[in-house]
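S.K.: The following file, upload-v1.txt, comprises compact mmCIF, C-alpha atoms and all ligand atoms:
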# COMPACT_ATOMS: atom_id res chain seq x y z
CA MET A 1 0.02 16.37 -17.32
CA THR A 2 1.55 13.31 -15.66
CA VAL A 3 1.84 12.20 -12.05
CA ALA A 4 5.36 13.62 -12.04
CA GLU A 5 3.99 17.10 -12.80
CA LYS A 6 0.83 16.95 -10.70
CA TRP A 7 2.17 15.09 -7.74
CA VAL A 8 0.37 15.40 -4.36
CA PRO A 9 2.68 13.55 -1.91
CA SER A 10 0.98 11.58 0.86
CA VAL A 11 3.65 12.39 3.46
CA ARG A 12 5.99 15.39 3.71
CA TYR A 13 8.68 15.47 6.38
CA ARG A 14 9.56 18.87 7.85
CA GLY A 15 11.88 17.94 10.75
CA ASN A 16 9.71 19.02 13.67
CA HIS A 17 6.43 18.10 12.02
CA LEU A 18 4.93 15.97 9.26
CA LEU A 19 2.38 16.96 6.66
CA ILE A 20 0.05 14.06 6.01
CA LEU A 21 -2.44 14.19 3.15
CA ASP A 22 -5.75 13.38 4.84
CA GLN A 23 -7.07 10.63 2.58
CA GLN A 24 -10.31 10.50 4.57
CA GLN A 25 -11.21 13.93 3.17
CA LEU A 26 -10.57 13.01 -0.47
CA PRO A 27 -11.93 13.52 -3.07
CA HIS A 28 -13.73 16.59 -1.73
CA HIS A 29 -10.86 18.32 0.05
CA THR A 30 -7.10 18.13 -0.47
CA VAL A 31 -6.02 18.86 3.08
CA TYR A 32 -2.68 18.28 4.79
CA LEU A 33 -2.75 17.47 8.51
CA ASN A 34 -0.04 19.12 10.56
CA VAL A 35 1.27 16.17 12.58
CA THR A 36 3.62 17.01 15.44
CA THR A 37 3.74 13.94 17.71
CA ILE A 38 4.12 10.18 17.43
CA GLU A 39 0.60 9.84 18.86
CA HIS A 40 -0.72 11.90 15.92
CA VAL A 41 1.09 9.56 13.53
CA TRP A 42 -0.43 6.49 15.24
CA ASP A 43 -3.88 8.08 14.98
CA ALA A 44 -3.43 9.03 11.29
CA ILE A 45 -2.41 5.45 10.39
CA SER A 46 -5.09 3.80 12.47
CA LYS A 47 -7.87 6.04 11.12
CA LEU A 48 -6.75 5.57 7.47
CA LYS A 49 -5.80 9.23 7.03
CA VAL A 50 -2.61 7.82 5.61
CA ARG A 51 -3.12 4.33 4.19
CA GLY A 52 -1.73 1.87 1.68
CA ALA A 53 1.10 -0.45 2.73
CA PRO A 54 4.16 1.57 1.60
CA ALA A 55 2.72 4.92 2.74
CA ILE A 56 1.98 3.52 6.19
CA GLY A 57 5.60 2.39 6.46
CA ILE A 58 6.87 5.80 5.36
CA ALA A 59 4.62 7.66 7.82
CA ALA A 60 5.68 5.38 10.67
CA ALA A 61 9.38 5.81 9.85
CA PHE A 62 8.92 9.58 10.02
CA GLY A 63 6.94 9.09 13.24
CA LEU A 64 10.08 7.66 14.84
CA ALA A 65 12.07 10.61 13.46
CA LEU A 66 9.58 13.07 14.99
CA TRP A 67 9.88 11.31 18.36
CA SER A 68 13.67 11.15 18.16
CA ASN A 69 14.05 14.83 17.25
CA SER A 70 12.19 15.89 20.39
CA GLU A 71 13.60 13.23 22.76
CA LYS A 72 15.75 14.60 25.64
CA GLU A 73 17.41 11.31 26.70
CA VAL A 74 21.21 11.63 26.57
CA ASP A 75 22.26 8.09 27.48
CA HIS A 76 22.79 6.05 24.29
CA SER A 77 21.52 2.70 25.51
CA SER A 78 18.48 4.24 27.28
CA PHE A 79 17.72 6.17 24.07
CA LEU A 80 17.77 2.94 22.05
CA SER A 81 15.50 1.11 24.47
CA LYS A 82 13.03 4.03 24.44
CA LEU A 83 13.18 3.98 20.63
CA LYS A 84 12.21 0.31 20.59
CA LYS A 85 9.19 1.06 22.80
CA GLN A 86 8.10 3.74 20.31
CA ARG A 87 8.62 1.23 17.49
CA ASP A 88 6.29 -1.23 19.26
CA TYR A 89 3.75 1.52 19.85
CA LEU A 90 3.60 2.51 16.16
CA ALA A 91 3.59 -1.17 15.15
CA SER A 92 0.28 -1.51 17.02
CA SER A 93 -1.48 1.00 14.74
CA ARG A 94 -2.44 -1.59 12.07
CA PRO A 95 -1.72 -5.34 11.89
CA THR A 96 -1.78 -6.54 8.28
CA ALA A 97 0.56 -4.52 6.04
CA VAL A 98 4.06 -5.84 6.71
CA ASN A 99 5.67 -2.68 5.28
CA LEU A 100 4.81 -0.98 8.57
CA PHE A 101 7.01 -3.36 10.59
CA TRP A 102 9.65 -3.50 7.84
CA ALA A 103 10.06 0.30 7.84
CA LEU A 104 10.05 0.60 11.65
CA ASP A 105 12.67 -2.16 11.95
CA ARG A 106 14.87 -0.50 9.32
CA VAL A 107 14.81 2.76 11.29
CA VAL A 108 15.58 1.01 14.59
CA ALA A 109 18.46 -0.93 12.95
CA SER A 110 19.89 2.34 11.60
CA ALA A 111 19.89 3.79 15.13
CA GLU A 112 21.58 0.65 16.46
CA ARG A 113 24.46 1.31 14.07
CA SER A 114 25.28 4.52 16.00
CA ALA A 115 27.78 5.22 18.80
CA SER A 116 25.96 8.21 20.37
CA VAL A 117 22.50 9.68 20.76
CA GLU A 118 23.40 12.44 18.33
CA GLU A 119 24.47 9.93 15.70
CA ALA A 120 21.39 7.77 16.33
CA LYS A 121 19.13 10.80 15.72
CA LYS A 122 20.89 11.58 12.45
CA ASN A 123 20.65 7.94 11.33
CA ILE A 124 16.94 7.75 12.16
CA GLU A 125 16.10 10.80 10.09
CA ALA A 126 18.34 9.73 7.20
CA GLU A 127 16.84 6.21 7.14
CA ALA A 128 13.26 7.51 7.11
CA LEU A 129 14.07 9.85 4.23
CA LEU A 130 15.81 7.01 2.38
CA ILE A 131 12.79 4.70 2.77
CA GLN A 132 10.60 7.37 1.18
CA GLU A 133 13.06 8.10 -1.62
CA GLU A 134 13.68 4.42 -2.43
CA ASP A 135 9.96 3.74 -2.63
CA GLU A 136 9.58 6.19 -5.49
CA ASN A 137 12.19 4.36 -7.60
CA THR A 138 10.77 1.01 -6.56
CA CYS A 139 7.26 1.95 -7.68
CA ARG A 140 8.54 3.21 -11.01
CA LYS A 141 10.30 -0.12 -11.63
CA ILE A 142 7.13 -2.01 -10.66
CA GLY A 143 5.22 0.13 -13.15
CA GLU A 144 7.71 -0.66 -15.93
CA TYR A 145 7.46 -4.41 -15.31
CA ALA A 146 3.67 -4.25 -15.06
CA LEU A 147 3.47 -2.31 -18.31
CA SER A 148 5.42 -5.08 -20.05
CA LEU A 149 2.39 -7.34 -19.41
CA LEU A 150 -0.04 -4.92 -21.10
CA GLN A 151 -0.64 -3.44 -24.53
CA ASP A 152 -1.74 -0.02 -25.70
CA GLY A 153 -5.55 0.12 -25.62
CA ASP A 154 -6.03 -2.53 -22.92
CA ALA A 155 -8.77 -2.29 -20.30
CA VAL A 156 -7.73 -3.38 -16.80
CA MET A 157 -9.61 -3.80 -13.52
CA THR A 158 -8.36 -2.87 -10.05
CA ILE A 159 -9.65 -2.66 -6.49
CA CYS A 160 -8.89 -0.36 -3.55
CA ASN A 161 -6.18 2.26 -4.11
CA ALA A 162 -2.68 0.95 -4.72
CA GLY A 163 -1.81 4.27 -6.28
CA ALA A 164 0.58 7.17 -5.94
CA ILE A 165 -1.03 8.34 -2.70
CA ALA A 166 -0.61 4.86 -1.16
CA THR A 167 3.14 5.01 -1.77
CA SER A 168 5.92 7.55 -2.21
CA LYS A 169 4.94 8.10 -5.86
CA TYR A 170 3.38 6.25 -8.85
CA GLY A 171 1.84 3.47 -6.74
CA THR A 172 2.14 -0.26 -7.31
CA ALA A 173 -0.97 -1.55 -9.11
CA LEU A 174 -1.62 1.93 -10.51
CA ALA A 175 2.00 2.62 -11.53
CA PRO A 176 1.59 1.12 -15.03
CA PHE A 177 -1.28 3.54 -15.74
CA HIS A 178 0.79 6.56 -14.71
CA LEU A 179 3.73 5.34 -16.82
CA ALA A 180 1.47 4.48 -19.77
CA LYS A 181 0.22 8.04 -19.68
CA GLU A 182 3.79 9.35 -19.79
CA GLN A 183 4.53 7.33 -22.92
CA GLY A 184 1.29 8.20 -24.68
CA TRP A 185 -0.50 4.88 -24.31
CA ASN A 186 -4.24 4.72 -23.72
CA LEU A 187 -5.09 2.22 -21.02
CA SER A 188 -8.52 2.24 -19.48
CA VAL A 189 -9.17 1.28 -15.88
CA TYR A 190 -12.29 -0.14 -14.22
CA ALA A 191 -12.11 0.75 -10.53
CA ASN A 192 -14.11 -1.22 -7.97
CA GLU A 193 -15.53 1.24 -5.45
CA THR A 194 -14.22 -0.91 -2.56
CA ARG A 195 -16.74 -0.99 0.25
CA PRO A 196 -16.75 -0.37 3.13
CA VAL A 197 -14.54 2.73 3.11
CA LEU A 198 -14.50 3.34 -0.63
CA GLN A 199 -10.80 3.63 -1.45
CA GLY A 200 -11.77 2.85 -5.07
CA SER A 201 -14.36 5.56 -5.56
CA ARG A 202 -12.85 8.20 -3.29
CA LEU A 203 -9.15 7.66 -4.06
CA THR A 204 -8.46 5.62 -7.21
CA ALA A 205 -11.16 7.39 -9.22
CA TRP A 206 -9.84 10.75 -7.97
CA GLU A 207 -6.15 9.94 -8.56
CA LEU A 208 -6.62 8.57 -12.07
CA GLN A 209 -9.12 11.22 -13.15
CA ALA A 210 -6.80 13.97 -11.86
CA ASN A 211 -4.07 12.53 -14.09
CA ASP A 212 -6.32 12.31 -17.17
CA ILE A 213 -6.28 8.52 -17.14
CA ASP A 214 -9.41 6.84 -18.52
CA VAL A 215 -11.17 5.47 -15.43
CA THR A 216 -14.67 4.04 -15.00
CA LEU A 217 -16.12 3.47 -11.55
CA ILE A 218 -18.17 0.37 -10.74
CA THR A 219 -19.63 -0.97 -7.50
CA ASP A 220 -17.99 -4.13 -6.21
CA ASN A 221 -20.91 -6.37 -7.15
CA MET A 222 -20.59 -5.28 -10.80
CA ALA A 223 -17.11 -6.79 -11.13
CA ALA A 224 -17.97 -10.22 -12.61
CA HIS A 225 -20.37 -8.75 -15.17
CA THR A 226 -17.86 -6.05 -16.10
CA LEU A 227 -15.01 -8.55 -16.45
CA LYS A 228 -17.19 -10.64 -18.72
CA THR A 229 -18.60 -7.90 -20.91
CA LYS A 230 -15.96 -5.16 -21.16
CA ASN A 231 -13.08 -7.07 -22.73
CA ILE A 232 -10.93 -6.67 -19.63
CA LYS A 233 -7.41 -7.94 -20.34
CA ALA A 234 -6.12 -8.16 -16.77
CA VAL A 235 -6.86 -7.53 -13.11
CA ILE A 236 -4.04 -5.77 -11.24
CA VAL A 237 -4.11 -5.27 -7.49
CA GLY A 238 -1.71 -4.11 -4.80
CA CYS A 239 -1.07 -6.01 -1.60
CA ASP A 240 -0.33 -5.68 2.09
CA ARG A 241 1.61 -8.85 2.72
CA VAL A 242 2.84 -11.74 0.60
CA ALA A 243 3.58 -14.96 2.52
CA ALA A 244 6.53 -17.18 1.62
CA ASN A 245 4.32 -19.46 -0.47
CA GLY A 246 2.88 -16.56 -2.52
CA ASP A 247 -0.48 -16.28 -0.71
CA THR A 248 -1.32 -12.59 -0.70
CA ALA A 249 -3.33 -10.37 1.63
CA ASN A 250 -4.96 -7.32 0.07
CA LYS A 251 -8.11 -5.23 0.49
CA ILE A 252 -11.27 -7.18 1.19
CA GLY A 253 -12.84 -8.19 -2.13
CA THR A 254 -9.54 -9.02 -3.81
CA PHE A 255 -9.95 -12.78 -3.38
CA GLY A 256 -13.40 -12.57 -4.98
CA LEU A 257 -11.91 -10.75 -7.96
CA ALA A 258 -9.20 -13.42 -8.28
CA LEU A 259 -11.86 -16.16 -8.36
CA GLN A 260 -13.85 -14.29 -10.98
CA ALA A 261 -10.76 -13.66 -13.10
CA ARG A 262 -9.84 -17.35 -12.93
CA ALA A 263 -13.35 -18.42 -13.93
CA LEU A 264 -13.23 -16.08 -16.94
CA GLY A 265 -9.63 -16.86 -17.97
CA ILE A 266 -8.37 -13.34 -17.26
CA PRO A 267 -4.84 -12.91 -15.80
CA PHE A 268 -4.77 -11.78 -12.18
CA TYR A 269 -1.62 -9.86 -11.21
CA VAL A 270 -0.38 -8.68 -7.81
CA ALA A 271 1.99 -5.68 -7.80
CA CYS A 272 4.17 -4.99 -4.77
CA PRO A 273 7.61 -3.94 -3.58
CA LEU A 274 9.91 -6.55 -2.04
CA SER A 275 9.25 -4.84 1.31
CA THR A 276 5.76 -6.41 1.15
CA LEU A 277 7.23 -9.94 0.99
CA ASP A 278 7.16 -11.58 4.40
CA LEU A 279 9.17 -14.77 4.15
CA LYS A 280 8.79 -15.34 7.90
CA THR A 281 5.07 -15.95 7.37
CA SER A 282 4.82 -19.32 5.69
CA SER A 283 1.30 -19.11 4.26
CA GLY A 284 -1.73 -16.83 4.06
CA GLU A 285 -3.30 -18.62 7.02
CA ASP A 286 -0.75 -16.95 9.28
CA ILE A 287 -1.33 -13.40 8.01
CA PRO A 288 -3.22 -11.38 10.65
CA ILE A 289 -6.37 -9.93 9.16
CA GLU A 290 -7.43 -6.58 10.60
CA GLU A 291 -11.05 -6.25 11.69
CA ARG A 292 -12.26 -2.67 11.75
CA PRO A 293 -15.08 -0.81 13.51
CA GLU A 294 -18.61 -1.90 12.60
CA GLU A 295 -19.59 1.71 11.80
CA GLU A 296 -17.63 1.38 8.54
CA VAL A 297 -20.29 -1.12 7.44
CA THR A 298 -23.40 0.22 9.15
CA HIS A 299 -22.83 3.85 8.10
CA LEU A 300 -22.10 5.74 4.87
CA ASN A 301 -20.85 9.31 5.24
CA GLY A 302 -21.98 9.27 8.88
CA VAL A 303 -25.54 8.17 7.97
CA ARG A 304 -26.75 4.83 9.33
CA ILE A 305 -27.80 2.48 6.51
CA ALA A 306 -28.37 -0.68 8.56
CA PRO A 307 -30.74 -1.47 11.41
CA GLU A 308 -29.65 -0.67 14.98
CA GLY A 309 -28.21 -3.72 16.75
CA ILE A 310 -27.36 -5.67 13.58
CA LYS A 311 -24.37 -8.04 13.86
CA VAL A 312 -21.46 -6.94 11.68
CA PHE A 313 -18.31 -8.64 10.36
CA ASN A 314 -15.78 -6.17 8.97
CA PRO A 315 -12.50 -7.75 7.87
CA ALA A 316 -10.36 -5.13 6.11
CA PHE A 317 -8.41 -7.66 4.05
CA ASP A 318 -8.68 -11.11 2.53
CA VAL A 319 -6.09 -13.62 1.37
CA THR A 320 -5.82 -14.74 -2.23
CA PRO A 321 -4.19 -18.17 -2.41
CA ALA A 322 -1.09 -18.25 -4.63
CA GLU A 323 -2.73 -20.66 -7.09
CA TYR A 324 -5.09 -17.88 -8.23
CA ILE A 325 -2.28 -15.38 -8.87
CA SER A 326 -0.97 -15.37 -12.45
CA ALA A 327 2.16 -13.40 -11.49
CA ILE A 328 3.60 -11.17 -8.78
CA ILE A 329 5.19 -7.99 -10.12
CA THR A 330 8.04 -6.53 -8.04
CA GLU A 331 10.74 -3.94 -8.61
CA LYS A 332 13.20 -6.76 -9.30
CA GLY A 333 11.10 -8.62 -11.81
CA ILE A 334 7.99 -10.67 -12.42
CA VAL A 335 7.57 -14.03 -10.74
CA SER A 336 5.08 -16.79 -11.42
CA GLY A 337 4.73 -20.53 -10.94
CA ASN A 338 6.65 -21.82 -7.92
CA TYR A 339 6.37 -18.75 -5.68
CA GLN A 340 8.01 -20.39 -2.68
CA GLU A 341 11.32 -20.74 -4.52
CA ALA A 342 11.08 -17.66 -6.72
CA LEU A 343 10.20 -15.25 -3.91
CA SER A 344 13.03 -16.33 -1.65
CA THR A 345 15.51 -16.13 -4.53
CA LEU A 346 14.23 -12.69 -5.37
CA LYS A 347 14.57 -11.43 -1.82
CA GLU A 348 18.08 -12.89 -1.50
CA ASP A 349 19.49 -11.97 -4.90
CA GLU A 350 19.37 -8.23 -5.43
CA SER A 351 20.97 -8.59 -8.87
CA ILE A 352 18.06 -10.48 -10.44
CA GLU A 353 16.14 -8.33 -12.88
CA THR A 354 13.59 -10.75 -14.32
CA LEU A 355 12.69 -14.31 -13.42
C1 LIG B 1 0.26 0.22 -2.72
S1 LIG B 1 -0.97 0.03 -1.55
C2 LIG B 1 -1.27 -1.72 -1.46
C3 LIG B 1 -2.29 -2.09 -0.44
O1 LIG B 1 -1.93 -1.53 0.79
C4 LIG B 1 -3.70 -1.67 -0.86
O2 LIG B 1 -4.07 -2.42 -1.97
C5 LIG B 1 -4.67 -1.88 0.27
O3 LIG B 1 -5.26 -2.91 0.42
C6 LIG B 1 -4.80 -0.75 1.21
O4 LIG B 1 -5.72 -0.96 2.24
P1 LIG B 1 -6.01 0.24 3.23
O5 LIG B 1 -6.94 -0.35 4.26
O6 LIG B 1 -6.63 1.34 2.44
O7 LIG B 1 -4.68 0.64 3.85
Can you turn what I pasted into structure tokens?
M.R.:
Amino acid sequence: MTVAEKWVPSVRYRGNHLLILDQQQLPHHTVYLNVTTIEHVWDAISKLKVRGAPAIGIAAAFGLALWSNSEKEVDHSSFLSKLKKQRDYLASSRPTAVNLFWALDRVVASAERSASVEEAKKNIEAEALLIQEEDENTCRKIGEYALSLLQDGDAVMTICNAGAIATSKYGTALAPFHLAKEQGWNLSVYANETRPVLQGSRLTAWELQANDIDVTLITDNMAAHTLKTKNIKAVIVGCDRVAANGDTANKIGTFGLALQARALGIPFYVACPLSTLDLKTSSGEDIPIEERPEEEVTHLNGVRIAPEGIKVFNPAFDVTPAEYISAIITEKGIVSGNYQEALSTLKEDESIETL
């Protein structure tokens, strides 16, 4: 079976409510949360019940649709200013993944193209649905380009979960494995467990195993040894924001993997949709890095594993400088070398297929 046949969507829109796959309960329970208010959506994003850059954007877009469907305001301009306040509220749920702001701004812009409240409501819903639908095609294209860098039989390493459940379907970094499966290739994946909240062991291991893709779980501190001894042909990761110069923010631990890959001469690829490119942020130094609650570090499954009172630093992301990235794989092609120029061309020129 392939991801197309076994698909468990992360977000399902039902007009007056959303069904959100609770990724905090995976791999033990496949549970959908019944989300009825914009506050529920904020909470689900902030607590990582829905996570992964594209999925956060999709959930937030539907959050605005939920709000709009139940809003009683009849004056068009008051409706639009209330909408913008809701946009700012949802934008405060997480700071690093730019897809969140990109999706919210698309929905607000669609409402601004309306002449009445009724039309604005229709536009908001249609735009949110379009964002979700487009992401599926985008991820498939990313998977096709990523697969062109691999060969049947290759072993590849990844971190976190940039998979189907982090997007509309297929994923970004995991898309090539889903597509390889469809075409009968055998790729094997080494998944870093991804402390502190274990997106690798709880989500990537679950997603790939459920799709009969050869996956081996390692702890994060096994990565260098595994890269060196297991004939790994590439590292592929997702990302939360790419700055104009190609510096890339992704799950904490990614930068370490990039350094290890460089030291061992293994290509290090970043896979992402163009919605993750943030040309307004000039370099990685300007990307806001989320710091999360210390309990994520001091506790495992609710059990304290560190002494009371210990100081904790818990950045959720790190930035990999562009010089360590062999190529960035997008739905419009693969870029490498001078990222500054290539990324802005890519964002501007929708017709480019491969650079
Ligand atoms: C296609 S998902 C890409 C990234 O969002 C992913 O690699 C990642 O770092 C997710 O972090 P998370 O904190 O789980 O939202």
S.K.: Could you tell me which of A:Gln340, A:Thr204, A:Arg195, A:Thr229 comes closest to Pro315 of chain A if we count only C-alpha atoms?
M.R.: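 Checking each of A:Gln340, A:Thr204, A:Arg195, A:Thr229 against Pro315 of chain A, counting only C-alpha atoms, the winner is A:Arg195.
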S.K.: Using all atoms listed in the file, find each residue in chain A having at least one atom no more than 9 Å away from ligand LIG 1 (chain B); report its shortest atom-to-atom pair and that distance in Å (one decimal), rows by chain then rising number, as a Markdown table.
M.R.:
| residue | atom | partner | partner_atom | distance |
| --- | --- | --- | --- | --- |
| A:Ile45 | CA | B:LIG1 | O7 | 8.4 |
| A:Leu48 | CA | B:LIG1 | O7 | 6.5 |
| A:Val50 | CA | B:LIG1 | O7 | 7.7 |
| A:Arg51 | CA | B:LIG1 | O7 | 4.0 |
| A:Gly52 | CA | B:LIG1 | O1 | 3.5 |
| A:Ala53 | CA | B:LIG1 | O1 | 3.8 |
| A:Pro54 | CA | B:LIG1 | C1 | 6.0 |
| A:Ala55 | CA | B:LIG1 | S1 | 7.5 |
| A:Ile56 | CA | B:LIG1 | O7 | 7.6 |
| A:Arg94 | CA | B:LIG1 | O7 | 8.8 |
| A:Thr96 | CA | B:LIG1 | O7 | 8.9 |
| A:Ala97 | CA | B:LIG1 | O1 | 6.5 |
| A:Asn99 | CA | B:LIG1 | O1 | 8.9 |
| A:Cys139 | CA | B:LIG1 | C1 | 8.8 |
| A:Ile159 | CA | B:LIG1 | O2 | 7.2 |
| A:Cys160 | CA | B:LIG1 | O2 | 5.5 |
| A:Asn161 | CA | B:LIG1 | O2 | 5.6 |
| A:Ala162 | CA | B:LIG1 | C1 | 3.6 |
| A:Gly163 | CA | B:LIG1 | C1 | 5.8 |
| A:Ala164 | CA | B:LIG1 | C1 | 7.7 |
| A:Ile165 | CA | B:LIG1 | C1 | 8.2 |
| A:Ala166 | CA | B:LIG1 | S1 | 4.9 |
| A:Thr167 | CA | B:LIG1 | C1 | 5.7 |
| A:Gly171 | CA | B:LIG1 | C1 | 5.4 |
| A:Thr172 | CA | B:LIG1 | C1 | 5.0 |
| A:Ala173 | CA | B:LIG1 | C1 | 6.7 |
| A:Leu174 | CA | B:LIG1 | C1 | 8.2 |
| A:Val197 | CA | B:LIG1 | O6 | 8.1 |
| A:Leu198 | CA | B:LIG1 | O6 | 8.7 |
| A:Gln199 | CA | B:LIG1 | O6 | 6.1 |
| A:Val237 | CA | B:LIG1 | O2 | 6.2 |
| A:Gly238 | CA | B:LIG1 | O2 | 4.1 |
| A:Cys239 | CA | B:LIG1 | C3 | 4.3 |
| A:Asp240 | CA | B:LIG1 | O1 | 4.6 |
| A:Arg241 | CA | B:LIG1 | O1 | 8.4 |
| A:Ala249 | CA | B:LIG1 | O3 | 7.8 |
| A:Asn250 | CA | B:LIG1 | O3 | 4.4 |
| A:Lys251 | CA | B:LIG1 | O3 | 3.7 |
| A:Ile252 | CA | B:LIG1 | O3 | 7.4 |
| A:Thr254 | CA | B:LIG1 | O3 | 8.6 |
| A:Ala271 | CA | B:LIG1 | C1 | 8.0 |
| A:Cys272 | CA | B:LIG1 | C1 | 6.8 |
| A:Pro273 | CA | B:LIG1 | C1 | 8.5 |
| A:Thr276 | CA | B:LIG1 | C2 | 8.8 |
| A:Glu290 | CA | B:LIG1 | O5 | 8.9 |
| A:Ala316 | CA | B:LIG1 | O5 | 6.2 |
| A:Phe317 | CA | B:LIG1 | O3 | 6.8 |
S.K.: Could you work out how far atom CA of Val303 of chain A lies from atom CA of Leu26 of chain A, giving the answer in Å with one decimal?
M.R.: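 Computing the Euclidean distance for atom CA of Leu26 of chain A and atom CA of Val303 of chain A yields 17.9 Å.
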S.K.: Name the closest residue to Glu127 of chain A among the candidates A:Ala223, A:Ala210, A:Ala61, A:Leu18; distances are taken between atoms, counting all atoms listed in the file.
M.R.: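 Smallest separation from Glu127 of chain A among the options: A:Ala61.
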S.K.: Between atom CA of Leu83 of chain A and atom CA of Asp22 of chain A, what distance in Å does the model show, to one decimal?
M.R.: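 Atom CA of Asp22 of chain A lies 26.4 Å from atom CA of Leu83 of chain A.
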S.K.: How close does each residue of segment 187-273 of chain A get to segment 6-17 of chain A, giving the shortest atom pair and distance in Å to one decimal for every residue with an atom at most 12 Å away, counting all atoms listed in the file, sorted by chain and residue number, as JSON lines?
M.R.:
{"residue": "A:Leu203", "atom": "CA", "partner": "A:Ser10", "partner_atom": "CA", "distance": 11.9}
{"residue": "A:Trp206", "atom": "CA", "partner": "A:Val8", "partner_atom": "CA", "distance": 11.8}
{"residue": "A:Glu207", "atom": "CA", "partner": "A:Val8", "partner_atom": "CA", "distance": 9.5}
{"residue": "A:Leu208", "atom": "CA", "partner": "A:Lys6", "partner_atom": "CA", "distance": 11.3}
{"residue": "A:Gln209", "atom": "CA", "partner": "A:Lys6", "partner_atom": "CA", "distance": 11.7}
{"residue": "A:Ala210", "atom": "CA", "partner": "A:Lys6", "partner_atom": "CA", "distance": 8.3}
{"residue": "A:Asn211", "atom": "CA", "partner": "A:Lys6", "partner_atom": "CA", "distance": 7.4}
{"residue": "A:Asp212", "atom": "CA", "partner": "A:Lys6", "partner_atom": "CA", "distance": 10.7}
S.K.: Between atom CA of Val319 of chain A and atom CA of Gly284 of chain A, what distance in Å does the model show, to one decimal?
M.R.: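 Going from atom CA of Val319 of chain A over to atom CA of Gly284 of chain A covers 6.0 Å.
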S.K.: Using all atoms listed in the file, pick whichever of A:Leu150, A:Ile20, A:Leu227, A:Ile124 has the shortest atom-to-atom distance to Leu104 of chain A.
M.R.: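 Counting all atoms listed in the file, the residue closest to Leu104 of chain A is A:Ile124.
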S.K.: Name the residues in contact with Ala258 of chain A at a cut-off of 8 Å, using only C-alpha atoms, excluding same-chain residues fewer than 6 positions from it; report them as a PyMOL selection string.
M.R.: chain A and resi 235+268+320+324-325
S.K.: Starting from 3 Å padding per side, set up an axis-aligned box that covers all listed atoms of segment 320-336 of chain A and hand over centre and edge lengths in Å, one decimal, as lines of an AutoDock Vina configuration file.
M.R.:
center_x = 3.7
center_y = -12.3
center_z = -7.3
size_x = 25.0
size_y = 22.7
size_z = 16.2
S.K.: I'd like to know which of A:Glu182, A:Asp220, A:Asp214, A:Glu134 is closest to Gly200 of chain A, using all atoms listed in the file.
M.R.: A:Asp220
S.K.: With all atoms listed in the file as the basis for distance, which of A:Ala175, A:Leu343, A:Ala306, A:Ala261 is at the shortest distance from Ser275 of chain A?
M.R.: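 For Ser275 of chain A, the nearest of the given residues is A:Leu343.
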S.K.: Neighbours of Ser283 of chain A within 12 Å (only C-alpha atoms; same-chain residues fewer than 3 positions away dropped), as an NGL selection string?
M.R.: :A and (241-249 or 277-280 or 286-288 or 319-322 or 339-340)
S.K.: Store the residues picked out above in a file with C-alpha atoms, as a PDB file, keeping the file's coordinate frame.
M.R.:
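See out-v4.pdb below for the written result:
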ATOM      1  CA  ARG A 241       1.610  -8.850   2.720  1.00  0.00           C
ATOM      2  CA  VAL A 242       2.840 -11.740   0.600  1.00  0.00           C
ATOM      3  CA  ALA A 243       3.580 -14.960   2.520  1.00  0.00           C
ATOM      4  CA  ALA A 244       6.530 -17.180   1.620  1.00  0.00           C
ATOM      5  CA  ASN A 245       4.320 -19.460  -0.470  1.00  0.00           C
ATOM      6  CA  GLY A 246       2.880 -16.560  -2.520  1.00  0.00           C
ATOM      7  CA  ASP A 247      -0.480 -16.280  -0.710  1.00  0.00           C
ATOM      8  CA  THR A 248      -1.320 -12.590  -0.700  1.00  0.00           C
ATOM      9  CA  ALA A 249      -3.330 -10.370   1.630  1.00  0.00           C
ATOM     10  CA  LEU A 277       7.230  -9.940   0.990  1.00  0.00           C
ATOM     11  CA  ASP A 278       7.160 -11.580   4.400  1.00  0.00           C
ATOM     12  CA  LEU A 279       9.170 -14.770   4.150  1.00  0.00           C
ATOM     13  CA  LYS A 280       8.790 -15.340   7.900  1.00  0.00           C
ATOM     14  CA  ASP A 286      -0.750 -16.950   9.280  1.00  0.00           C
ATOM     15  CA  ILE A 287      -1.330 -13.400   8.010  1.00  0.00           C
ATOM     16  CA  PRO A 288      -3.220 -11.380  10.650  1.00  0.00           C
ATOM     17  CA  VAL A 319      -6.090 -13.620   1.370  1.00  0.00           C
ATOM     18  CA  THR A 320      -5.820 -14.740  -2.230  1.00  0.00           C
ATOM     19  CA  PRO A 321      -4.190 -18.170  -2.410  1.00  0.00           C
ATOM     20  CA  ALA A 322      -1.090 -18.250  -4.630  1.00  0.00           C
ATOM     21  CA  TYR A 339       6.370 -18.750  -5.680  1.00  0.00           C
ATOM     22  CA  GLN A 340       8.010 -20.390  -2.680  1.00  0.00           C
TER      23      GLN A 340
END
S.K.: Hey, which of A:Asp318, A:Glu144, A:Glu295, A:Glu193 ends up closest to Thr330 of chain A? Count all atoms listed in the file.
M.R.: A:Glu144
S.K.: Tell me which residues come within 12 Å of (25.6, 10.2, 18.5), as a PyMOL selection string, counting all atoms listed in the file in the file's coordinates.
M.R.: chain A and resi 68+73-77+79-80+110-124
S.K.: List as a PyMOL selection string the protein and nucleic acid residues near Leu217 of chain A, meaning an atom at most 7 Å away when only C-alpha atoms are counted, but skip any in the same chain fewer than 2 places from it.
M.R.: chain A and resi 190-193+201+205+215+219
